[in-house]
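Coordinates as given in start_17.cif (mmCIF, C-alpha atoms):
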data_target
#
loop_
_atom_site.label_atom_id
_atom_site.label_comp_id
_atom_site.auth_asym_id
_atom_site.auth_seq_id
_atom_site.Cartn_x
_atom_site.Cartn_y
_atom_site.Cartn_z
CA MET W 1 101.54 179.37 -74.73
CA THR W 2 100.16 177.15 -77.46
CA ASP W 3 101.78 179.04 -80.34
CA GLN W 4 104.67 177.23 -81.96
CA THR W 5 108.00 178.65 -80.80
CA GLN W 6 111.27 178.09 -82.62
CA ALA W 7 114.15 177.50 -80.25
CA ALA W 8 117.40 179.40 -80.79
CA GLN W 9 118.85 176.25 -82.29
CA PRO W 10 117.04 176.17 -85.67
CA LYS W 11 116.92 172.37 -85.83
CA LEU W 12 114.62 172.18 -82.81
CA ALA W 13 111.00 173.23 -82.48
CA ILE W 14 108.66 173.19 -79.50
CA GLN W 15 104.92 173.23 -79.00
CA VAL W 16 103.69 173.83 -75.45
CA ILE W 17 100.36 172.13 -74.76
CA PRO W 18 98.55 172.83 -71.45
CA VAL W 19 96.76 169.72 -70.16
CA THR W 20 94.69 168.53 -67.19
CA PRO W 21 92.57 170.72 -64.89
CA PHE W 22 95.88 172.08 -63.55
CA GLN W 23 96.81 173.45 -67.01
CA GLN W 24 100.23 171.83 -66.81
CA ASN W 25 102.59 172.66 -69.67
CA THR W 26 103.42 169.54 -71.65
CA SER W 27 106.13 170.23 -74.21
CA LEU W 28 106.30 168.49 -77.58
CA LEU W 29 109.91 168.98 -78.65
CA TRP W 30 111.19 167.80 -82.00
CA HIS W 31 114.08 167.89 -84.46
CA THR W 32 112.91 169.64 -87.61
CA GLU W 33 115.03 167.53 -89.97
CA THR W 34 114.39 164.02 -88.62
CA MET W 35 110.94 164.90 -87.17
CA GLU W 36 111.76 162.73 -84.17
CA GLY W 37 110.47 164.19 -80.93
CA VAL W 38 109.84 163.77 -77.24
CA PHE W 39 107.04 164.65 -74.88
CA ILE W 40 108.25 166.36 -71.73
CA ASP W 41 105.89 165.95 -68.77
CA PRO W 42 102.82 164.48 -70.49
CA GLY W 43 100.45 164.93 -67.57
CA GLY W 44 97.23 163.74 -69.18
CA GLU W 45 94.75 164.25 -72.05
CA VAL W 46 96.72 161.75 -74.09
CA ASP W 47 94.41 161.92 -77.11
CA LYS W 48 95.10 165.67 -77.28
CA LEU W 49 98.85 165.12 -77.03
CA MET W 50 99.04 162.35 -79.61
CA GLY W 51 96.84 164.44 -81.89
CA ALA W 52 99.34 167.29 -81.66
CA ALA W 53 102.20 164.95 -82.54
CA GLU W 54 100.25 163.72 -85.55
CA HIS W 55 99.36 167.28 -86.58
CA PHE W 56 103.00 168.37 -86.65
CA GLY W 57 104.18 165.09 -88.17
CA VAL W 58 106.33 164.19 -85.16
CA LYS W 59 107.41 160.64 -84.37
CA VAL W 60 107.55 160.43 -80.56
CA VAL W 61 110.69 158.48 -79.61
CA GLU W 62 110.86 159.11 -75.84
CA VAL W 63 109.00 160.57 -72.88
CA TRP W 64 111.03 162.77 -70.49
CA LEU W 65 109.81 163.54 -66.97
CA THR W 66 111.00 166.36 -64.69
CA HIS W 67 109.24 164.98 -61.59
CA GLY W 68 106.60 162.60 -60.38
CA HIS W 69 103.54 164.73 -59.62
CA LEU W 70 100.28 163.55 -61.14
CA ASP W 71 99.79 166.52 -63.48
CA HIS W 72 103.25 166.02 -64.99
CA ALA W 73 103.46 162.25 -65.25
CA GLY W 74 99.85 161.05 -65.33
CA GLY W 75 99.82 160.42 -69.08
CA ALA W 76 103.37 159.10 -69.41
CA THR W 77 102.57 155.39 -69.34
CA GLU W 78 99.84 155.64 -71.98
CA VAL W 79 101.88 157.93 -74.23
CA ALA W 80 104.82 155.53 -74.06
CA GLU W 81 102.61 152.56 -74.90
CA ARG W 82 100.91 154.30 -77.79
CA ALA W 83 104.17 155.65 -79.20
CA GLY W 84 106.14 152.46 -78.49
CA CYS W 85 108.85 154.36 -76.65
CA GLN W 86 110.63 154.56 -73.31
CA ILE W 87 110.05 156.81 -70.30
CA ILE W 88 113.17 158.64 -69.12
CA GLY W 89 113.36 160.38 -65.75
CA PRO W 90 112.90 161.76 -63.25
CA HIS W 91 115.42 160.98 -60.49
CA GLU W 92 114.68 157.74 -58.65
CA ASP W 93 113.78 159.68 -55.48
CA ASP W 94 110.41 160.49 -57.07
CA GLN W 95 109.34 156.88 -57.68
CA TRP W 96 107.04 157.05 -54.63
CA LEU W 97 105.06 159.76 -56.41
CA LEU W 98 104.94 157.82 -59.68
CA ASP W 99 103.55 154.85 -57.73
CA ASP W 100 100.71 157.00 -56.40
CA ILE W 101 99.45 158.74 -59.56
CA GLU W 102 96.21 156.77 -59.85
CA ALA W 103 95.32 157.26 -56.17
CA GLN W 104 96.10 160.96 -56.30
CA TRP W 105 93.98 161.59 -59.38
CA ALA W 106 91.14 159.58 -57.81
CA LYS W 107 91.00 162.16 -55.02
CA TYR W 108 90.05 164.71 -57.70
CA GLY W 109 87.48 162.36 -59.21
CA VAL W 110 89.61 161.79 -62.30
CA SER W 111 90.18 158.33 -63.76
CA GLY W 112 92.27 157.09 -66.66
CA SER W 113 95.73 158.13 -65.52
CA ARG W 114 98.14 155.36 -64.61
CA ASN W 115 101.08 154.83 -62.34
CA CYS W 116 104.47 155.05 -63.97
CA LYS W 117 107.73 153.11 -63.92
CA PRO W 118 110.52 154.81 -65.90
CA ASP W 119 112.79 152.76 -68.11
CA ARG W 120 115.69 154.93 -66.94
CA TYR W 121 116.11 157.29 -64.01
CA LEU W 122 118.07 160.52 -64.33
CA LYS W 123 120.72 161.94 -62.05
CA ASP W 124 122.77 165.11 -61.85
CA GLY W 125 125.15 165.38 -64.80
CA ASP W 126 123.32 162.95 -67.09
CA THR W 127 122.71 163.72 -70.75
CA LEU W 128 119.87 162.96 -73.13
CA THR W 129 119.94 163.00 -76.92
CA LEU W 130 117.36 163.77 -79.56
CA SER W 131 118.48 163.19 -83.15
CA GLY W 132 122.06 164.07 -82.24
CA GLU W 133 121.17 167.11 -80.11
CA THR W 134 122.49 166.86 -76.54
CA PHE W 135 120.44 167.87 -73.50
CA HIS W 136 121.90 168.14 -70.01
CA VAL W 137 120.32 167.19 -66.68
CA VAL W 138 120.64 168.76 -63.25
CA HIS W 139 119.05 167.32 -60.11
CA THR W 140 116.96 170.07 -58.50
CA PRO W 141 115.26 168.84 -55.29
CA GLY W 142 113.00 171.01 -53.17
CA HIS W 143 109.59 170.86 -54.84
CA THR W 144 109.99 167.09 -54.89
CA PRO W 145 113.09 165.12 -53.85
CA GLY W 146 113.63 163.65 -57.32
CA HIS W 147 112.98 166.70 -59.48
CA VAL W 148 115.30 167.31 -62.44
CA VAL W 149 115.72 170.14 -64.93
CA ILE W 150 116.56 169.34 -68.56
CA TYR W 151 118.23 171.97 -70.72
CA HIS W 152 119.67 172.47 -74.19
CA GLU W 153 122.84 174.53 -73.93
CA ALA W 154 123.11 175.56 -77.57
CA GLY W 155 119.44 176.46 -77.84
CA ARG W 156 119.43 178.32 -74.50
CA LEU W 157 116.25 176.57 -73.44
CA ALA W 158 115.43 174.75 -70.19
CA PHE W 159 112.48 172.67 -69.06
CA VAL W 160 112.20 173.39 -65.34
CA GLY W 161 109.01 171.61 -64.28
CA ASP W 162 107.74 173.13 -61.05
CA VAL W 163 111.05 174.45 -59.69
CA LEU W 164 110.68 177.98 -61.05
CA PHE W 165 107.90 180.06 -62.56
CA ARG W 166 107.60 183.51 -64.03
CA GLY W 167 107.39 185.59 -60.87
CA SER W 168 107.20 182.66 -58.46
CA ILE W 169 108.74 179.35 -57.37
CA GLY W 170 107.49 175.83 -56.79
CA ARG W 171 105.47 174.89 -53.74
CA THR W 172 107.30 173.19 -50.89
CA ASP W 173 104.33 172.40 -48.64
CA PHE W 174 103.74 169.05 -50.33
CA PRO W 175 105.11 165.85 -48.75
CA LYS W 176 108.92 165.78 -48.85
CA GLY W 177 109.11 169.38 -50.08
CA ASN W 178 111.94 171.51 -48.72
CA HIS W 179 112.04 175.27 -49.16
CA GLN W 180 115.76 175.77 -48.59
CA GLN W 181 116.57 172.91 -50.97
CA LEU W 182 114.44 174.58 -53.62
CA ILE W 183 116.18 177.94 -53.19
CA ASP W 184 119.55 176.19 -53.37
CA SER W 185 118.50 174.30 -56.50
CA ILE W 186 117.50 177.53 -58.23
CA THR W 187 120.51 179.59 -57.23
CA GLN W 188 123.18 176.88 -57.43
CA LYS W 189 121.94 174.77 -60.35
CA LEU W 190 119.93 177.12 -62.57
CA TRP W 191 121.45 180.59 -62.26
CA PRO W 192 124.91 179.38 -63.36
CA LEU W 193 123.39 178.34 -66.70
CA GLY W 194 123.16 182.01 -67.67
CA ASN W 195 120.73 184.93 -67.58
CA ASP W 196 119.79 184.41 -71.23
CA MET W 197 118.54 180.87 -70.64
CA ARG W 198 114.83 180.76 -71.49
CA PHE W 199 112.69 178.29 -69.63
CA VAL W 200 109.39 176.48 -70.00
CA PRO W 201 107.83 176.19 -66.54
CA GLY W 202 105.31 173.58 -65.48
CA HIS W 203 102.56 176.18 -65.53
CA ASN W 204 101.93 179.59 -67.07
CA GLU W 205 104.24 181.66 -69.25
CA MET W 206 107.86 181.26 -70.26
CA SER W 207 110.57 183.55 -68.91
CA THR W 208 114.35 183.78 -68.64
CA PHE W 209 116.63 183.19 -65.69
CA GLY W 210 117.83 186.77 -65.99
CA GLN W 211 114.31 188.14 -65.72
CA GLU W 212 113.66 186.09 -62.59
CA ARG W 213 116.95 187.14 -61.01
CA ALA W 214 115.86 190.74 -61.58
CA SER W 215 112.21 190.64 -60.55
CA ASN W 216 111.08 187.35 -58.95
CA ALA W 217 109.67 188.10 -55.49
CA PHE W 218 111.14 184.87 -54.08
CA VAL W 219 114.57 184.47 -55.70
CA ALA W 220 115.58 187.80 -57.21
CA ASP W 221 119.15 188.75 -56.37
CA SER W 222 117.88 191.73 -54.38
CA VAL W 223 115.54 189.50 -52.35
CA LEU W 224 118.32 187.05 -51.53
CA GLY W 225 120.73 189.84 -50.62
CA LYS W 226 123.07 189.28 -53.55
CA VAL W 227 123.08 192.94 -54.67
#

Could you spell out this file's structure in structure tokens?
Amino acid sequence: MTDQTQAAQPKLAIQVIPVTPFQQNTSLLWHTETMEGVFIDPGGEVDKLMGAAEHFGVKVVEVWLTHGHLDHAGGATEVAERAGCQIIGPHEDDQWLLDDIEAQWAKYGVSGSRNCKPDRYLKDGDTLTLSGETFHVVHTPGHTPGHVVIYHEAGRLAFVGDVLFRGSIGRTDFPKGNHQQLIDSITQKLWPLGNDMRFVPGHNEMSTFGQERASNAFVADSVLGKV
């Protein structure tokens, strides 16, 4: 997962960097001409993340969050301060999680992460830009109430946080999780984006929506009675 992958759109590049004891996939995404980039879900190990940005020569101009869980947002405040940039996302319905990051990490005996207050919340239908490239946002509750998915239409690449995984789906046994909402988010918000849409999940390996519709034990078409 740590090998550099060139997105279908040649002006964008991505480096996926697993961080924290949960091995959460933080994505460093950048425009190869301007070298401006964003961190998506910087969950922790900020020195490691900033070192990667320096290694690739990327100027971090924003932080984007898919949801408020500690392993996705725990490093956001420090990254934003060190890079001098804003935090964008998730949906405002996850602010209660962002307010509890320090307390949640303390339960695992981990210190250093900080609570987070985004400069801008995201909602369904919003767009983000990186050096002229447009990214779209869909609100995908179920794992958390304020979860969003961010995708680049031209590059056929989505950042899905903990909604969907290769062969699995996000947990819904956490506070305010909702299994049916999650299934609806996947089938109504993600599948319409196309089978060829590749995605970076919050953990483990990348996949495509088409592969998951064919073989995922939780949301394959055959499992949901769609074939």

Which neighbours of His152 in chain W fall inside 6 Å, counting only C-alpha atoms, when residues of the same chain fewer than 4 positions from it are skipped, and could you give them as a JSON list (two decimals) with C-alpha atoms, in the coordinates of the input?
[["chain", "number", "residue", "atom", "x", "y", "z"],
["W", 135, "PHE", "CA", 120.44, 167.87, -73.50],
["W", 156, "ARG", "CA", 119.43, 178.32, -74.50],
["W", 157, "LEU", "CA", 116.25, 176.57, -73.44]]

Problem - Residues selected by the PyMOL selection byres ((chain W and resi 29) around 8), written as a ChimeraX atom specification - result: /W:12-15,27-28,30-31,37-40

Quick one: write out the picked residues with C-alpha atoms as a short mmCIF file (atom, residue, chain, number, x, y, z; two decimals), in the coordinates of the input?
data_model
loop_
_atom_site.label_atom_id
_atom_site.label_comp_id
_atom_site.auth_asym_id
_atom_site.auth_seq_id
_atom_site.Cartn_x
_atom_site.Cartn_y
_atom_site.Cartn_z
CA LEU W 12 114.62 172.18 -82.81
CA ALA W 13 111.00 173.23 -82.48
CA ILE W 14 108.66 173.19 -79.50
CA GLN W 15 104.92 173.23 -79.00
CA SER W 27 106.13 170.23 -74.21
CA LEU W 28 106.30 168.49 -77.58
CA TRP W 30 111.19 167.80 -82.00
CA HIS W 31 114.08 167.89 -84.46
CA GLY W 37 110.47 164.19 -80.93
CA VAL W 38 109.84 163.77 -77.24
CA PHE W 39 107.04 164.65 -74.88
CA ILE W 40 108.25 166.36 -71.73
#

Within 9 Å of range 163-177 of chain W, counting all atoms listed in the file, which residues qualify if same-chain residues fewer than 3 places away don't, as a PDB file with C-alpha atoms, keeping the file's coordinate frame?
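Written out: around-v7.pdb:
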ATOM      1  CA  THR W 140     116.960 170.070 -58.500  1.00  0.00           C
ATOM      2  CA  PRO W 141     115.260 168.840 -55.290  1.00  0.00           C
ATOM      3  CA  GLY W 142     113.000 171.010 -53.170  1.00  0.00           C
ATOM      4  CA  HIS W 143     109.590 170.860 -54.840  1.00  0.00           C
ATOM      5  CA  THR W 144     109.990 167.090 -54.890  1.00  0.00           C
ATOM      6  CA  PRO W 145     113.090 165.120 -53.850  1.00  0.00           C
ATOM      7  CA  HIS W 147     112.980 166.700 -59.480  1.00  0.00           C
ATOM      8  CA  VAL W 148     115.300 167.310 -62.440  1.00  0.00           C
ATOM      9  CA  VAL W 149     115.720 170.140 -64.930  1.00  0.00           C
ATOM     10  CA  VAL W 160     112.200 173.390 -65.340  1.00  0.00           C
ATOM     11  CA  GLN W 181     116.570 172.910 -50.970  1.00  0.00           C
ATOM     12  CA  LEU W 182     114.440 174.580 -53.620  1.00  0.00           C
ATOM     13  CA  ILE W 183     116.180 177.940 -53.190  1.00  0.00           C
ATOM     14  CA  SER W 185     118.500 174.300 -56.500  1.00  0.00           C
ATOM     15  CA  ILE W 186     117.500 177.530 -58.230  1.00  0.00           C
ATOM     16  CA  PHE W 199     112.690 178.290 -69.630  1.00  0.00           C
ATOM     17  CA  VAL W 200     109.390 176.480 -70.000  1.00  0.00           C
ATOM     18  CA  PRO W 201     107.830 176.190 -66.540  1.00  0.00           C
ATOM     19  CA  GLY W 202     105.310 173.580 -65.480  1.00  0.00           C
ATOM     20  CA  HIS W 203     102.560 176.180 -65.530  1.00  0.00           C
ATOM     21  CA  ASN W 204     101.930 179.590 -67.070  1.00  0.00           C
ATOM     22  CA  GLU W 205     104.240 181.660 -69.250  1.00  0.00           C
ATOM     23  CA  MET W 206     107.860 181.260 -70.260  1.00  0.00           C
ATOM     24  CA  SER W 207     110.570 183.550 -68.910  1.00  0.00           C
ATOM     25  CA  THR W 208     114.350 183.780 -68.640  1.00  0.00           C
ATOM     26  CA  GLN W 211     114.310 188.140 -65.720  1.00  0.00           C
ATOM     27  CA  GLU W 212     113.660 186.090 -62.590  1.00  0.00           C
ATOM     28  CA  SER W 215     112.210 190.640 -60.550  1.00  0.00           C
ATOM     29  CA  ASN W 216     111.080 187.350 -58.950  1.00  0.00           C
ATOM     30  CA  ALA W 217     109.670 188.100 -55.490  1.00  0.00           C
ATOM     31  CA  PHE W 218     111.140 184.870 -54.080  1.00  0.00           C
ATOM     32  CA  VAL W 219     114.570 184.470 -55.700  1.00  0.00           C
TER      33      VAL W 219
END

task: Can you turn the PyMOL selection byres ((chain W and resi 125) around 7) into a concrete residue list for this file, as a PyMOL selection string?
output: chain W and resi 123-124+126-127+136-138

Residue neighbourhood Gln104 in chain W, 12 Å, all atoms listed in the file, exclusion window fewer than 2 positions, as an MDAnalysis selection string: chainID W and resid 68:71 73:74 96:102 106:115

Evaluate the PyMOL selection byres ((chain W and resi 48-54) around 12) here and jot the selected residues down as a ChimeraX atom specification. /W:2,4,14-20,25-30,35-47,55-61,63,75-76,78-83

- Leaving out Glu92 in chain W and any residue of its chain fewer than 6 positions from it, which residues lie within 9 Å of it when counting only C-alpha atoms, given as a VMD selection string? chain W and resid 118 120 to 123 145 to 146

Here CA of Lys11 in chain W and CA of Thr32 in chain W stand apart by 5.2 Å

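Residue nearest Gly161 in chain W, chosen from W:Thr129, W:Asp184, W:His139, W:Thr134 and counting all atoms listed in the file: W:His139.
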
Distance in Å - CA of Pro21 in chain W versus CA of Ile150 in chain W =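 The value is 24.3 Å.
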
For Gly194 in chain W, the closest of W:Ala103, W:Ala154, W:Leu65, W:Leu128 counting only C-alpha atoms is W:Ala154

Edge lengths and centre in Å to one decimal, as JSON, of the axis-aligned box that encloses all listed atoms of range 32-44 of chain W with 8 Å added on every side?
{"center_x": 106.1, "center_y": 166.2, "center_z": -78.8, "size_x": 33.8, "size_y": 22.9, "size_z": 38.4}

From CA of Gly89 in chain W to CA of Thr66 in chain W the spacing works out at 6.5 Å

Discussion item. From the options W:Thr34, W:Glu62, W:His72, W:His67, which residue's atoms come nearest to Ile87 in chain W, counting only C-alpha atoms?
Written reply: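 So, comparing all the options, the nearest one is W:Glu62.
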
In terms of only C-alpha atoms, the residue from W:Pro90, W:Pro192, W:Gly84, W:Gly132 at minimal distance from Trp64 in chain W is W:Pro90

Counting only C-alpha atoms, the residue among W:Gly155, W:Leu224, W:Leu130, W:Asn178 that lies closest to Arg198 in chain W is W:Gly155

Could you model N, CA and C atoms for range 122-151 of chain W and present them as a compact mmCIF listing (two decimals), in the coordinates of the input?
# COMPACT_ATOMS: atom_id res chain seq x y z
N LEU W 122 117.06 159.51 -64.04
CA LEU W 122 118.07 160.52 -64.33
C LEU W 122 118.74 160.97 -63.05
N LYS W 123 120.00 161.38 -63.19
CA LYS W 123 120.72 161.94 -62.05
C LYS W 123 121.51 163.15 -62.50
N ASP W 124 122.03 163.90 -61.55
CA ASP W 124 122.77 165.11 -61.85
C ASP W 124 123.94 164.79 -62.78
N GLY W 125 124.05 165.56 -63.86
CA GLY W 125 125.15 165.38 -64.80
C GLY W 125 124.85 164.47 -65.97
N ASP W 126 123.69 163.81 -65.97
CA ASP W 126 123.32 162.95 -67.09
C ASP W 126 123.07 163.77 -68.35
N THR W 127 123.07 163.09 -69.49
CA THR W 127 122.71 163.72 -70.75
C THR W 127 121.64 162.90 -71.45
N LEU W 128 120.87 163.58 -72.27
CA LEU W 128 119.87 162.96 -73.13
C LEU W 128 120.16 163.41 -74.56
N THR W 129 119.73 162.62 -75.53
CA THR W 129 119.94 163.00 -76.92
C THR W 129 118.64 162.89 -77.70
N LEU W 130 118.48 163.79 -78.63
CA LEU W 130 117.36 163.77 -79.56
C LEU W 130 117.91 164.07 -80.95
N SER W 131 117.97 163.04 -81.78
CA SER W 131 118.48 163.19 -83.15
C SER W 131 119.83 163.90 -83.17
N GLY W 132 120.71 163.51 -82.27
CA GLY W 132 122.06 164.07 -82.24
C GLY W 132 122.21 165.33 -81.42
N GLU W 133 121.11 165.93 -80.97
CA GLU W 133 121.17 167.11 -80.11
C GLU W 133 121.30 166.66 -78.65
N THR W 134 122.22 167.26 -77.92
CA THR W 134 122.49 166.86 -76.54
C THR W 134 121.76 167.77 -75.56
N PHE W 135 121.12 167.16 -74.59
CA PHE W 135 120.44 167.87 -73.50
C PHE W 135 121.10 167.46 -72.19
N HIS W 136 121.25 168.40 -71.29
CA HIS W 136 121.90 168.14 -70.01
C HIS W 136 120.86 168.09 -68.89
N VAL W 137 121.22 167.41 -67.81
CA VAL W 137 120.32 167.19 -66.68
C VAL W 137 120.98 167.68 -65.40
N VAL W 138 120.21 168.43 -64.59
CA VAL W 138 120.64 168.76 -63.25
C VAL W 138 119.56 168.32 -62.27
N HIS W 139 119.97 167.74 -61.16
CA HIS W 139 119.05 167.32 -60.11
C HIS W 139 118.70 168.54 -59.26
N THR W 140 117.41 168.83 -59.14
CA THR W 140 116.96 170.07 -58.50
C THR W 140 115.89 169.78 -57.44
N PRO W 141 116.25 169.15 -56.32
CA PRO W 141 115.26 168.84 -55.29
C PRO W 141 114.73 170.09 -54.60
N GLY W 142 113.62 169.92 -53.92
CA GLY W 142 113.00 171.01 -53.17
C GLY W 142 111.49 170.98 -53.33
N HIS W 143 111.03 171.04 -54.58
CA HIS W 143 109.59 170.86 -54.84
C HIS W 143 109.23 169.40 -54.62
N THR W 144 110.02 168.53 -55.19
CA THR W 144 109.99 167.09 -54.89
C THR W 144 111.45 166.65 -54.75
N PRO W 145 111.69 165.54 -54.06
CA PRO W 145 113.09 165.12 -53.85
C PRO W 145 113.79 164.65 -55.11
N GLY W 146 113.01 164.18 -56.11
CA GLY W 146 113.63 163.65 -57.32
C GLY W 146 113.48 164.52 -58.55
N HIS W 147 113.20 165.79 -58.36
CA HIS W 147 112.98 166.70 -59.48
C HIS W 147 114.28 166.91 -60.27
N VAL W 148 114.16 166.97 -61.59
CA VAL W 148 115.30 167.31 -62.44
C VAL W 148 114.89 168.42 -63.40
N VAL W 149 115.90 169.14 -63.87
CA VAL W 149 115.72 170.14 -64.93
C VAL W 149 116.53 169.67 -66.13
N ILE W 150 115.93 169.77 -67.31
CA ILE W 150 116.56 169.34 -68.56
C ILE W 150 116.77 170.57 -69.42
N TYR W 151 117.99 170.76 -69.93
CA TYR W 151 118.23 171.97 -70.72
C TYR W 151 119.10 171.69 -71.94
